[in-house]
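One file, coords-v4.tsv, is given below (TSV, C-alpha atoms and all ligand atoms).
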```tsv
chain	number	residue	atom	x	y	z
A	1428	MET	CA	-6.86	13.97	-25.29
A	1429	LYS	CA	-7.10	11.08	-22.86
A	1430	VAL	CA	-4.57	10.72	-20.05
A	1431	LYS	CA	-2.11	7.89	-20.76
A	1432	VAL	CA	-1.50	5.51	-17.87
A	1433	ALA	CA	1.00	2.70	-17.35
A	1434	PHE	CA	1.42	0.10	-14.60
A	1435	PHE	CA	4.76	-1.16	-13.32
A	1436	ASP	CA	5.56	-3.83	-10.77
A	1437	PHE	CA	8.55	-4.29	-8.51
A	1438	ALA	CA	8.74	-6.64	-5.48
A	1439	SER	CA	5.09	-7.47	-4.99
A	1440	CYS	CA	2.47	-10.18	-5.25
A	1441	GLU	CA	0.78	-8.15	-8.03
A	1442	GLY	CA	-2.44	-8.26	-6.02
A	1443	CYS	CA	-2.93	-4.51	-6.36
A	1444	GLN	CA	-2.78	-4.67	-10.16
A	1445	LEU	CA	-5.11	-7.64	-9.98
A	1446	GLN	CA	-7.64	-5.42	-8.22
A	1447	VAL	CA	-7.67	-3.25	-11.35
A	1448	ALA	CA	-7.74	-6.24	-13.72
A	1449	ASN	CA	-10.71	-7.55	-11.71
A	1450	LEU	CA	-12.72	-4.42	-12.45
A	1451	GLU	CA	-13.89	-6.48	-15.48
A	1452	GLU	CA	-16.66	-4.53	-17.29
A	1453	GLU	CA	-15.79	-1.40	-15.33
A	1454	ILE	CA	-12.44	-1.43	-17.15
A	1455	LEU	CA	-14.51	-0.31	-20.16
A	1456	ASP	CA	-15.67	2.78	-18.23
A	1457	LEU	CA	-12.07	3.37	-17.27
A	1458	ILE	CA	-10.79	3.28	-20.83
A	1459	GLU	CA	-13.44	5.86	-21.75
A	1460	ILE	CA	-11.43	8.38	-19.75
A	1461	VAL	CA	-7.84	7.06	-19.86
A	1462	ASP	CA	-5.60	5.21	-22.32
A	1463	ILE	CA	-3.86	2.22	-20.74
A	1464	VAL	CA	-0.54	2.09	-22.60
A	1465	SER	CA	1.22	-0.54	-20.49
A	1466	PHE	CA	-0.30	-3.10	-18.13
A	1467	ARG	CA	1.31	-6.54	-18.27
A	1468	GLU	CA	-1.54	-8.33	-16.48
A	1469	ILE	CA	-4.14	-7.46	-19.12
A	1470	SER	CA	-2.35	-6.51	-22.33
A	1471	ASP	CA	0.77	-7.06	-24.49
A	1472	ILE	CA	0.99	-3.40	-25.41
A	1473	ARG	CA	4.06	-1.61	-23.96
A	1474	LEU	CA	4.47	2.06	-24.74
A	1475	ASP	CA	6.82	4.49	-23.03
A	1476	ASN	CA	4.81	7.65	-23.53
A	1477	TYR	CA	2.67	7.78	-20.42
A	1478	ASP	CA	1.43	10.60	-18.21
A	1479	ILE	CA	0.68	8.60	-15.09
A	1480	ALA	CA	2.83	5.73	-13.81
A	1481	PHE	CA	1.25	3.43	-11.22
A	1482	VAL	CA	4.13	1.76	-9.40
A	1483	GLU	CA	3.39	-1.39	-7.43
A	1484	GLY	CA	5.85	-3.09	-5.10
A	1485	SER	CA	8.76	-2.23	-2.87
A	1486	ILE	CA	12.22	-1.40	-4.19
A	1487	ASN	CA	14.92	-3.86	-3.25
A	1488	ARG	CA	17.91	-3.92	-5.58
A	1489	PRO	CA	20.13	-1.34	-7.30
A	1490	MET	CA	18.75	-2.51	-10.68
A	1491	ASP	CA	15.22	-1.75	-9.41
A	1492	GLU	CA	16.28	1.72	-8.32
A	1493	GLU	CA	17.65	2.44	-11.80
A	1494	ARG	CA	14.45	1.22	-13.47
A	1495	LEU	CA	12.31	3.26	-11.09
A	1496	LYS	CA	14.33	6.42	-11.80
A	1497	GLU	CA	13.72	5.92	-15.55
A	1498	ILE	CA	9.98	5.56	-14.91
A	1499	ARG	CA	10.07	8.73	-12.82
A	1500	LYS	CA	11.80	10.59	-15.68
A	1501	ASN	CA	9.09	9.54	-18.15
A	1502	ALA	CA	6.04	10.13	-15.94
A	1503	LYS	CA	4.31	13.44	-15.29
A	1504	ILE	CA	2.61	11.88	-12.28
A	1505	LEU	CA	3.95	8.94	-10.31
A	1506	VAL	CA	1.58	7.05	-8.02
A	1507	ALA	CA	2.74	4.66	-5.30
A	1508	PHE	CA	0.23	1.88	-5.77
A	1509	GLY	CA	-0.52	-0.37	-2.81
A	1510	SER	CA	1.14	-0.66	0.55
A	1511	CYS	CA	4.33	-2.33	-0.72
A	1512	ALA	CA	4.95	0.80	-2.78
A	1513	CYS	CA	3.57	3.34	-0.27
A	1514	LEU	CA	5.15	1.95	2.90
A	1515	GLY	CA	7.46	-0.92	1.94
A	1516	GLY	CA	4.63	-3.18	3.15
A	1517	VAL	CA	5.09	-6.81	4.07
A	1518	ASN	CA	8.40	-6.82	2.18
A	1519	LYS	CA	9.91	-4.74	4.97
A	1520	LEU	CA	9.62	-7.74	7.26
A	1521	ARG	CA	12.82	-8.95	5.64
A	1522	ASN	CA	14.67	-5.82	6.82
A	1523	ARG	CA	14.92	-7.46	10.23
A	1524	PHE	CA	17.40	-10.00	8.89
A	1525	GLU	CA	20.85	-9.90	7.32
A	1526	ARG	CA	20.84	-10.68	3.61
A	1527	ASP	CA	23.35	-13.57	3.95
A	1528	ILE	CA	21.25	-15.25	6.63
A	1529	LEU	CA	18.14	-14.96	4.45
A	1530	LEU	CA	19.92	-16.31	1.36
A	1531	LYS	CA	21.27	-19.28	3.28
A	1532	SER	CA	17.95	-20.13	4.93
A	1533	ILE	CA	16.06	-19.98	1.61
A	1534	TYR	CA	18.60	-21.17	-0.96
A	1535	GLY	CA	20.95	-23.27	1.17
A	1536	ASP	CA	24.60	-23.32	0.10
A	1537	LYS	CA	24.12	-21.91	-3.43
A	1538	ASN	CA	26.56	-19.06	-3.99
A	1539	LEU	CA	24.27	-16.16	-4.87
A	1540	LYS	CA	26.25	-13.40	-3.20
A	1541	ASP	CA	27.42	-11.80	-6.44
A	1542	ASN	CA	24.27	-12.49	-8.44
A	1543	PRO	CA	22.70	-9.08	-9.24
A	1544	PHE	CA	19.18	-10.56	-9.05
A	1545	PHE	CA	19.79	-11.36	-5.38
A	1546	ASN	CA	21.62	-8.11	-4.63
A	1547	SER	CA	19.07	-6.86	-2.18
A	1548	GLU	CA	19.99	-5.30	1.16
A	1549	LYS	CA	16.80	-3.59	2.33
A	1550	ALA	CA	13.26	-3.28	1.04
A	1551	LYS	CA	12.31	0.37	0.50
A	1552	ALA	CA	9.10	2.24	-0.17
A	1553	VAL	CA	9.01	4.01	-3.55
A	1554	ASP	CA	9.43	7.47	-2.01
A	1555	GLU	CA	12.68	6.35	-0.40
A	1556	VAL	CA	14.08	6.34	-3.96
A	1557	VAL	CA	12.11	8.88	-6.06
A	1558	LYS	CA	9.53	11.61	-5.56
A	1559	VAL	CA	5.95	10.32	-5.33
A	1560	ASP	CA	3.03	12.54	-6.35
A	1561	TYR	CA	0.15	10.45	-5.03
A	1562	TYR	CA	-0.34	7.45	-2.79
A	1563	ILE	CA	-3.02	4.78	-3.06
A	1564	PRO	CA	-2.40	2.52	-0.06
A	1565	GLY	CA	-3.88	-0.83	0.94
A	1566	CYS	CA	-2.91	-4.49	0.75
A	1567	PRO	CA	-4.44	-4.75	-1.72
A	1568	ILE	CA	-5.66	-1.33	-2.89
A	1569	ASP	CA	-9.35	-0.57	-2.68
A	1570	ARG	CA	-10.97	-0.56	-6.14
A	1571	GLU	CA	-13.38	2.25	-5.27
A	1572	GLU	CA	-10.50	4.44	-4.15
A	1573	PHE	CA	-8.61	3.65	-7.35
A	1574	LYS	CA	-11.64	4.66	-9.46
A	1575	ARG	CA	-12.01	7.85	-7.42
A	1576	PHE	CA	-8.34	8.61	-8.06
A	1577	VAL	CA	-8.56	8.07	-11.82
A	1578	THR	CA	-11.76	10.13	-12.12
A	1579	SER	CA	-10.30	13.01	-10.09
A	1580	ILE	CA	-7.10	13.16	-12.14
A	1581	ALA	CA	-8.93	12.81	-15.47
A	1582	LEU	CA	-11.16	15.75	-14.47
A	1583	GLY	CA	-8.14	17.78	-13.35
A	1584	LYS	CA	-9.21	17.65	-9.70
A	1585	LYS	CA	-7.06	17.05	-6.65
A	1586	PHE	CA	-7.11	13.60	-5.09
A	1587	GLU	CA	-6.87	13.36	-1.33
A	1588	LEU	CA	-6.74	10.45	1.05
A	1589	PRO	CA	-8.99	10.55	4.11
A	1590	ASN	CA	-7.37	11.91	7.28
A	1591	TYR	CA	-9.35	9.92	9.81
A	1592	PRO	CA	-9.09	6.37	11.17
A	1593	VAL	CA	-10.74	3.15	9.99
A	1594	CYS	CA	-12.91	3.32	13.16
A	1595	VAL	CA	-14.91	6.16	11.59
A	1596	GLU	CA	-15.93	3.98	8.63
A	1597	CYS	CA	-16.46	0.98	10.91
A	1598	LYS	CA	-18.77	2.88	13.27
A	1599	LYS	CA	-20.70	4.35	10.32
A	1600	LYS	CA	-21.48	0.79	9.25
A	1601	GLY	CA	-22.77	-0.02	12.73
A	1602	ASN	CA	-20.28	-2.86	13.30
A	1603	PRO	CA	-19.80	-4.15	16.84
A	1604	CYS	CA	-16.32	-3.21	18.06
A	1605	LEU	CA	-13.91	-6.16	17.98
A	1606	PHE	CA	-12.19	-5.07	21.20
A	1607	GLU	CA	-15.44	-6.17	22.87
A	1608	GLU	CA	-14.69	-9.70	21.58
A	1609	GLY	CA	-11.15	-9.63	22.98
A	1610	LYS	CA	-9.53	-9.00	19.58
A	1611	PHE	CA	-6.90	-6.31	19.03
A	1612	CYS	CA	-7.82	-4.06	16.11
A	1613	LEU	CA	-5.59	-1.35	14.62
A	1614	GLY	CA	-8.58	0.63	13.33
A	1615	PRO	CA	-8.04	3.54	15.77
A	1616	ILE	CA	-4.60	4.39	14.34
A	1617	THR	CA	-4.98	3.29	10.70
A	1618	LEU	CA	-5.76	5.53	7.74
A	1619	ALA	CA	-9.34	4.98	6.52
A	1620	GLY	CA	-10.42	4.51	2.90
A	1621	CYS	CA	-11.09	0.76	2.72
A	1622	ASP	CA	-14.63	1.08	4.12
A	1623	ALA	CA	-13.47	-0.89	7.16
A	1624	ILE	CA	-13.58	-4.08	5.11
A	1625	CYS	CA	-11.80	-6.32	7.66
A	1626	PRO	CA	-13.69	-5.44	10.88
A	1627	SER	CA	-16.93	-5.55	8.87
A	1628	LYS	CA	-16.16	-9.24	8.30
A	1629	GLY	CA	-15.10	-9.91	11.88
A	1630	SER	CA	-11.32	-9.64	11.32
A	1631	PRO	CA	-9.31	-7.00	13.17
A	1632	CYS	CA	-7.66	-4.27	11.09
A	1633	LEU	CA	-3.95	-5.07	10.62
A	1634	GLY	CA	-3.03	-1.54	9.61
A	1635	CYS	CA	-2.32	-2.25	5.94
A	1636	ARG	CA	-3.13	1.34	4.89
A	1637	GLY	CA	-0.52	2.79	7.23
A	1638	ILE	CA	-0.59	4.70	10.47
A	1639	LEU	CA	-2.30	8.08	10.61
A	1640	GLU	CA	-0.02	11.04	11.09
A	1641	LYS	CA	-1.95	12.16	14.15
A	1642	PRO	CA	-4.14	9.45	15.61
A	1643	SER	CA	-6.21	10.55	18.59
A	1644	THR	CA	-4.09	9.75	21.63
A	1645	GLU	CA	-7.12	10.38	23.82
A	1646	TYR	CA	-9.13	7.68	22.01
A	1647	ILE	CA	-6.23	5.21	22.16
A	1648	ARG	CA	-5.72	5.87	25.89
A	1649	GLU	CA	-9.40	5.28	26.45
A	1650	ILE	CA	-9.16	1.90	24.65
A	1651	PHE	CA	-6.03	0.91	26.61
A	1652	ASP	CA	-7.79	1.75	29.89
A	1653	ARG	CA	-11.06	0.09	29.00
A	1654	TYR	CA	-9.49	-3.19	27.81
A	1655	ASN	CA	-6.42	-3.23	30.04
A	1656	LEU	CA	-3.95	-3.00	27.14
A	1657	SER	CA	-0.58	-1.30	26.71
A	1658	TYR	CA	1.59	0.38	24.09
A	1659	GLU	CA	3.58	-2.89	23.79
A	1660	ASP	CA	0.40	-4.74	22.74
A	1661	LEU	CA	-0.13	-2.10	20.05
A	1662	ALA	CA	3.47	-2.13	18.77
A	1663	ASP	CA	3.35	-5.91	18.57
A	1664	LYS	CA	0.38	-5.69	16.18
A	1665	TRP	CA	1.58	-2.99	13.79
A	1666	ASN	CA	4.82	-4.77	12.90
A	1667	MET	CA	3.39	-6.52	9.87
A	1668	PHE	CA	2.95	-3.39	7.77
A	1669	ASN	CA	4.62	-0.53	9.51
A	1670	PHE	CA	7.43	-1.34	11.86
A	1671	GLY	CA	6.49	1.93	13.47
A	1672	ASP	CA	8.84	3.70	11.05
A	1673	ARG	CA	6.28	5.06	8.59
A	1674	VAL	CA	3.35	7.35	9.24
A	1675	TRP	CA	1.40	9.46	6.79
A	1676	ARG	CA	2.64	13.03	6.68
A	1677	ARG	CA	0.67	15.85	5.14
A	1678	GLU	CA	2.58	18.80	3.68
A	1701	LIG	S1	0.33	-4.18	-1.27
A	1701	LIG	FE1	-0.32	-6.28	-0.78
A	1701	LIG	S2	-1.65	-6.89	-2.49
A	1701	LIG	FE2	-0.47	-5.10	-3.16
A	1701	LIG	S3	1.33	-5.95	-4.16
A	1701	LIG	FE3	1.90	-5.60	-2.03
A	1701	LIG	S4	1.51	-7.56	-1.00
A	1701	LIG	FE4	0.42	-7.61	-2.95
A	1702	LIG	S1	-13.68	-2.99	15.33
A	1702	LIG	FE1	-11.74	-1.92	14.99
A	1702	LIG	S2	-12.21	-0.41	13.41
A	1702	LIG	FE2	-14.15	-1.08	14.27
A	1702	LIG	S3	-14.59	0.42	15.86
A	1702	LIG	FE3	-13.55	-1.31	16.83
A	1702	LIG	S4	-11.40	-0.71	16.86
A	1702	LIG	FE4	-12.43	0.61	15.38
A	1703	LIG	S1	-9.44	-2.75	7.68
A	1703	LIG	FE1	-7.26	-2.34	8.08
A	1703	LIG	S2	-6.17	-4.16	7.36
A	1703	LIG	FE2	-8.25	-4.22	6.49
A	1703	LIG	S3	-8.06	-3.25	4.49
A	1703	LIG	FE3	-8.65	-1.64	5.93
A	1703	LIG	S4	-6.70	-0.75	6.62
A	1703	LIG	FE4	-6.23	-2.72	5.67
```
Can you dump the structure from the file as structure tokens?
Ligand code: SF4
Ligand code: SF4
Ligand code: SF4
Amino acid sequence: MKVKVAFFDFASCEGCQLQVANLEEEILDLIEIVDIVSFREISDIRLDNYDIAFVEGSINRPMDEERLKEIRKNAKILVAFGSCACLGGVNKLRNRFERDILLKSIYGDKNLKDNPFFNSEKAKAVDEVVKVDYYIPGCPIDREEFKRFVTSIALGKKFELPNYPVCVECKKKGNPCLFEEGKFCLGPITLAGCDAICPSKGSPCLGCRGILEKPSTEYIREIFDRYNLSYEDLADKWNMFNFGDRVWRRE
């Protein structure tokens, strides 16, 4: 019996699902080992009997919380899919502002206060609402990591995220360090697994996969000393994805 999988989206750009849709011919390999029973981006089929629910997006409104709880009830395994789901992601930027101020600045004087579609106080990560069994972070997710996840689960094996920083992957590839070019890179504190895709193309890591539970303070101190940087410089950079309020914790 093949494992049945379904994809669901909440507040997101759907870029993580698109990573799966873009697997193209490799989708055929995927459907050799799993049955995709719901995936709006690639098929009209919608079935409620799934084993694994991939949940993309952050959770913003009471109606989203209710829907997510239903998905949780139906799924044997629930996977937070992408950084919006794992961490709240870029959607948490809005948590800095009052809802009324946001509504007014975007929609002007329209009265949307009592409209349930706009009833959104704070963006939340999926595990702030329901239990999450696995996390696949990234903005967007890494396709290789997704394939590794599906293969592990289909074979009944445990899936684990790396527990080391992006710098490890970056150094393995022999990239020059971007601090040497005067750029600030979050690789030393960010969970690896993306094969250091950004620094490999000359862009500093922005921390989209989340902050490691225990980054090496010694390494970070060394960087601060060598490049005359401070904790404030670091905190300024991690705001986009983390706000400093989410780190990976291992049970
Ligand atoms: S994690 Fe990034 S790519 Fe994925 S849905 Fe959110 S914003 Fe889009
Ligand atoms: S460029 Fe970034 S990820 Fe690569 S070694 Fe330097 S700090 Fe680490
Ligand atoms: S290098 Fe950093 S920002 Fe880029 S994908 Fe990897 S974790 Fe995300």
If you count all atoms listed in the file, which residues end up within 9 Å of ligand LIG 1703 (chain A), as an NGL selection string?
:A and (1564-1569 or 1592-1594 or 1597 or 1612-1614 or 1617-1627 or 1630-1637)
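A straight line drawn from CA of Leu1445 in chain A to CA of Phe1573 in chain A is 12.1 Å long.
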Cut-off 6 Å, only C-alpha atoms and all ligand atoms, neighbours of ligand LIG 1701 (chain A) as a PDB file with C-alpha atoms, in the coordinates of the input:
```pdb
ATOM      1  CA  SER A1439       5.090  -7.470  -4.990  1.00  0.00           C
ATOM      2  CA  CYS A1440       2.470 -10.180  -5.250  1.00  0.00           C
ATOM      3  CA  GLU A1441       0.780  -8.150  -8.030  1.00  0.00           C
ATOM      4  CA  GLY A1442      -2.440  -8.260  -6.020  1.00  0.00           C
ATOM      5  CA  CYS A1443      -2.930  -4.510  -6.360  1.00  0.00           C
ATOM      6  CA  GLU A1483       3.390  -1.390  -7.430  1.00  0.00           C
ATOM      7  CA  GLY A1484       5.850  -3.090  -5.100  1.00  0.00           C
ATOM      8  CA  GLY A1509      -0.520  -0.370  -2.810  1.00  0.00           C
ATOM      9  CA  SER A1510       1.140  -0.660   0.550  1.00  0.00           C
ATOM     10  CA  CYS A1511       4.330  -2.330  -0.720  1.00  0.00           C
ATOM     11  CA  GLY A1565      -3.880  -0.830   0.940  1.00  0.00           C
ATOM     12  CA  CYS A1566      -2.910  -4.490   0.750  1.00  0.00           C
ATOM     13  CA  PRO A1567      -4.440  -4.750  -1.720  1.00  0.00           C
TER      14      PRO A1567
END
```
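Of the residues listed (A:Val1559, A:Ile1616, A:Leu1605, A:Ile1638), A:Leu1605 shows the shortest atom-to-atom separation from ligand LIG 1702 (chain A); distances use all atoms listed in the file.
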Please provide as a PyMOL selection string all residues within 10 Å of Ser1657 in chain A, with the sequence filter that same-chain residues fewer than 5 positions apart are discarded (counting all atoms listed in the file).
chain A and resi 1647-1648+1650-1652+1662
Enter the distance from CA of Ala1448 in chain A to CA of Glu1468 in chain A, in Å, rounded to one decimal.
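Taking CA of Ala1448 in chain A and CA of Glu1468 in chain A, their separation equals 7.1 Å.
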